[in-house]
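Novice: Below you will find the structure I want to go over with you.
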2 protein chains.
Amino acid sequence: MTGSTRPPSKFLAAIAQIQEMIKTDRLQSGDKIPSERELSDRLSIGRSSVREALRALELLGLIETRRGEGTYLRDFNNHQLVPLIGAFIFDGDPSKEDVRDVKAILELGCLAILSRKSGADFTRPESSFEQQIEAADNKLLRNIWKIIADYAGSEPDNERLKELLAAAKQIQYLKHQ
Amino acid sequence: MTGSTRPPSKFLAAIAQIQEMIKTDRLQSGDKIPSERELSDRLSIGRSSVREALRALELLGLIETRRGEGTYLRDFNNHQLVPLIGAFIFDGDPSKEDVRDVKAILELGCLAILSRKSGADFTRPESSFEQQIEAADNKLLRNIWKIIADYAGSEPDNERLKELLAAAKQIQYLKHQ
DNA sequence: GCTCTTAGGTGGTCTGACCACACAATTCCC
DNA sequence: GGGAATTGTGTGGTCAGACCACCTAAGAGC
């Protein structure tokens, strides 16, 4: 027994180091990252392991690979994630109804944040939802919304939003503790 | 120009086929999936490519691998996803405030769905949020909530929820079109 | 100048070889 | 016989090398 803790797998190490490299070198969306062979050299990790890391990041939509050219950092418009996860969790695609509800919920929440910011008597502004989401200034919310909206289609669906808003207004919250 | 469309990469094909296999064989969480070598054989895909697919699925939190034992289907409590994506999108972790807001938003939305179902004058029920999320019967909502709650910690945070609910009640929705 | 060829670099894939580990069957000793 | 040590087999983890398909740019030829 050496007492040495098992080192993290090369695969995870590669992901971490690639992330670190991106951060250190201040790489932006669209920038090229080093080739697999160079990464393998620089990180002293076999190319297979580097590839496993890159494939995983690719599946997450974080990078994009172009055969014959290289690997590029990608903007966060995650195409793969929701369908992929959906396919695993549900037996197939998530119900369209569910997706629309979740989208409306996020938008309702966005409006609630804006309302909280600007005080009482908040009126739904006229701007597009992209703008409202930006105004809410919550990156996590924005990104989740983007994923869902991408999947649901970005037609407004004001009806559903109004419906949920009306429902929300009926909620009597019990204070108790 | 042969006109032949480029076949999807073996890597993606492997993911698809593994998913298909899981579905066909009705594998549940905790079940073991075939070994890498067997998958390689059955799918006629090199072990490297199978591994790339498995690593990606592992990073997504969909499977779990245990050296010396095998690969197992995992319950969907995605540890990796949010931190990983967070690390890429934000420069580091998403703001705690943001995470708490999104969690509250999802819970507010859950209540709104329940309210819509049970008609007017809905009172926030006493049961735990797990139960309420289940009652809302929206798997997508449930799973997103699980991810966020896992990250935020599952302490109730009723204050934030009430705050957003109050804000939502102030929203005057403009009908126009 | 322009086109065509060529060389080099890149990702995509496969194979074979090890290692580290976990489990079960087997053997061995008492 | 029963328990402990050994071995065998299967698994994931990793690496190195070899091709292939593809893209780009530099060079050759006109």
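So you can find residues: chains in the structure tokens are A, B, ... in the order shown, residues in each start at 1, and ligands are numbered from 1 in order.
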DSSP on the backbone: which residues in range 7-79 of chain B end up as alpha helix (DSSP H)? Give the answer as a ChimeraX atom specification.
Specialist: /B:10-24,36-43,47-59
Novice: Could you give me, as a tab-separated table, a per-residue list for chain B showing, wherever an atom lies at most 10 Å from an atom of chain D, the closest pair of atoms and their distance in Å to one decimal, using only C-alpha atoms (C1' of nucleotides) and sorting by chain then residue number from low to high?
Specialist:
residue	atom	partner	partner_atom	distance
B:Ser35	CA	D:DT11	C1'	7.2
B:Glu36	CA	D:DG12	C1'	8.0
B:Arg37	CA	D:DT11	C1'	9.2
B:Arg51	CA	D:DG12	C1'	9.7
B:Thr65	CA	D:DG12	C1'	7.4
B:Arg66	CA	D:DG12	C1'	6.8
B:Arg67	CA	D:DG12	C1'	4.4
B:Gly68	CA	D:DT11	C1'	4.2
B:Glu69	CA	D:DT11	C1'	5.2
B:Gly70	CA	D:DT11	C1'	5.7
B:Thr71	CA	D:DG12	C1'	8.3
Novice: For chain B fitted to chain A over all Cα atoms in order, what RMSD does a least-squares superposition give?
Specialist: 0.4 Å
Novice: Taking only C-alpha atoms (C1' of nucleotides) into account, name the residue in C:DG9, C:DC19, C:DC28, C:DC14 that is nearest to chain A.
Specialist: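 Between C:DG9, C:DC19, C:DC28, C:DC14, the residue approaching chain A most closely is C:DG9.
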Novice: Looking at B:Ser115, B:Thr123, B:Asn138, B:Ser44, which one is nearest to chain C, with distances taken over only C-alpha atoms (C1' of nucleotides)?
Specialist: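 For chain C, the nearest of the candidates is B:Ser44.
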Novice: Determine which residues of chain B sit within 7 Å of chain A, taking into account only C-alpha atoms, and present them as a PyMOL selection string.
Specialist: chain B and resi 52+55-56+59+94+98-99+102+105-106+109+112-113+115-116+120-124+138+140-141+164+167-174
Novice: May I have the residues of chain C within 8 Å of chain B, counting only C-alpha atoms (C1' of nucleotides), written as a PyMOL selection string?
Specialist: chain C and resi 12-14+21-22
Novice: So what do you get for CA of Arg74 in chain B versus CA of Ala13 in chain B, distance-wise?
Specialist: 20.7 Å
Novice: Extract the full set of strand (DSSP E or B) residues from range 1-146 of chain B according to DSSP on the backbone, and format it as a list in words.
Specialist: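 In range 1-146 of chain B, DSSP puts these residues in strand (DSSP E or B): Lys32, Ile33, Ile63, Glu64, Thr65, Arg66, Gly70, Thr71, Tyr72, Leu73 and Thr123 of chain B.
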Novice: Those selected residues, please, written with N, CA, C and O atoms and delivered as an mmCIF file, in the first residue's frame.
Specialist:
data_model
loop_
_atom_site.group_PDB
_atom_site.id
_atom_site.type_symbol
_atom_site.label_atom_id
_atom_site.label_comp_id
_atom_site.auth_asym_id
_atom_site.auth_seq_id
_atom_site.Cartn_x
_atom_site.Cartn_y
_atom_site.Cartn_z
ATOM 1 N N LYS B 32 -25.632 -3.053 -16.097
ATOM 2 C CA LYS B 32 -24.326 -3.070 -16.732
ATOM 3 C C LYS B 32 -24.497 -3.095 -18.248
ATOM 4 O O LYS B 32 -25.367 -3.795 -18.766
ATOM 5 N N ILE B 33 -23.680 -2.351 -18.920
ATOM 6 C CA ILE B 33 -23.716 -2.416 -20.378
ATOM 7 C C ILE B 33 -22.513 -3.237 -20.837
ATOM 8 O O ILE B 33 -21.561 -3.427 -20.077
ATOM 9 N N ILE B 63 -23.296 7.538 -17.920
ATOM 10 C CA ILE B 63 -22.805 6.222 -17.540
ATOM 11 C C ILE B 63 -21.696 6.382 -16.508
ATOM 12 O O ILE B 63 -21.205 7.486 -16.276
ATOM 13 N N GLU B 64 -21.338 5.274 -15.940
ATOM 14 C CA GLU B 64 -20.296 5.284 -14.923
ATOM 15 C C GLU B 64 -19.396 4.094 -15.205
ATOM 16 O O GLU B 64 -19.883 3.001 -15.468
ATOM 17 N N THR B 65 -18.096 4.314 -15.156
ATOM 18 C CA THR B 65 -17.209 3.191 -15.429
ATOM 19 C C THR B 65 -16.426 2.842 -14.178
ATOM 20 O O THR B 65 -15.978 3.717 -13.455
ATOM 21 N N ARG B 66 -16.307 1.556 -13.971
ATOM 22 C CA ARG B 66 -15.526 1.085 -12.828
ATOM 23 C C ARG B 66 -14.466 0.129 -13.347
ATOM 24 O O ARG B 66 -14.780 -0.941 -13.870
ATOM 25 N N GLY B 70 -16.644 -2.873 -14.986
ATOM 26 C CA GLY B 70 -17.406 -2.678 -16.203
ATOM 27 C C GLY B 70 -18.003 -1.277 -16.263
ATOM 28 O O GLY B 70 -17.611 -0.384 -15.518
ATOM 29 N N THR B 71 -18.947 -1.123 -17.149
ATOM 30 C CA THR B 71 -19.582 0.167 -17.348
ATOM 31 C C THR B 71 -21.058 0.039 -17.009
ATOM 32 O O THR B 71 -21.709 -0.914 -17.413
ATOM 33 N N TYR B 72 -21.547 1.002 -16.277
ATOM 34 C CA TYR B 72 -22.906 0.908 -15.776
ATOM 35 C C TYR B 72 -23.729 2.142 -16.140
ATOM 36 O O TYR B 72 -23.201 3.255 -16.197
ATOM 37 N N LEU B 73 -24.976 1.890 -16.375
ATOM 38 C CA LEU B 73 -25.889 2.990 -16.625
ATOM 39 C C LEU B 73 -26.108 3.721 -15.316
ATOM 40 O O LEU B 73 -26.206 3.127 -14.262
ATOM 41 N N THR B 123 -52.930 26.849 -3.524
ATOM 42 C CA THR B 123 -52.089 27.124 -2.370
ATOM 43 C C THR B 123 -50.878 26.209 -2.404
ATOM 44 O O THR B 123 -51.013 25.023 -2.656
#
Novice: Report, in Å with one decimal, the straight-line distance from CA of Lys96 in chain A to CA of Ile147 in chain A.
Specialist: 14.2 Å
Novice: What is the distance, in Å and to one decimal place, between CA of Ala14 in chain A and CA of Arg42 in chain B?
Specialist: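 Answer for the CA of Ala14 in chain A to CA of Arg42 in chain B separation: 28.9 Å.
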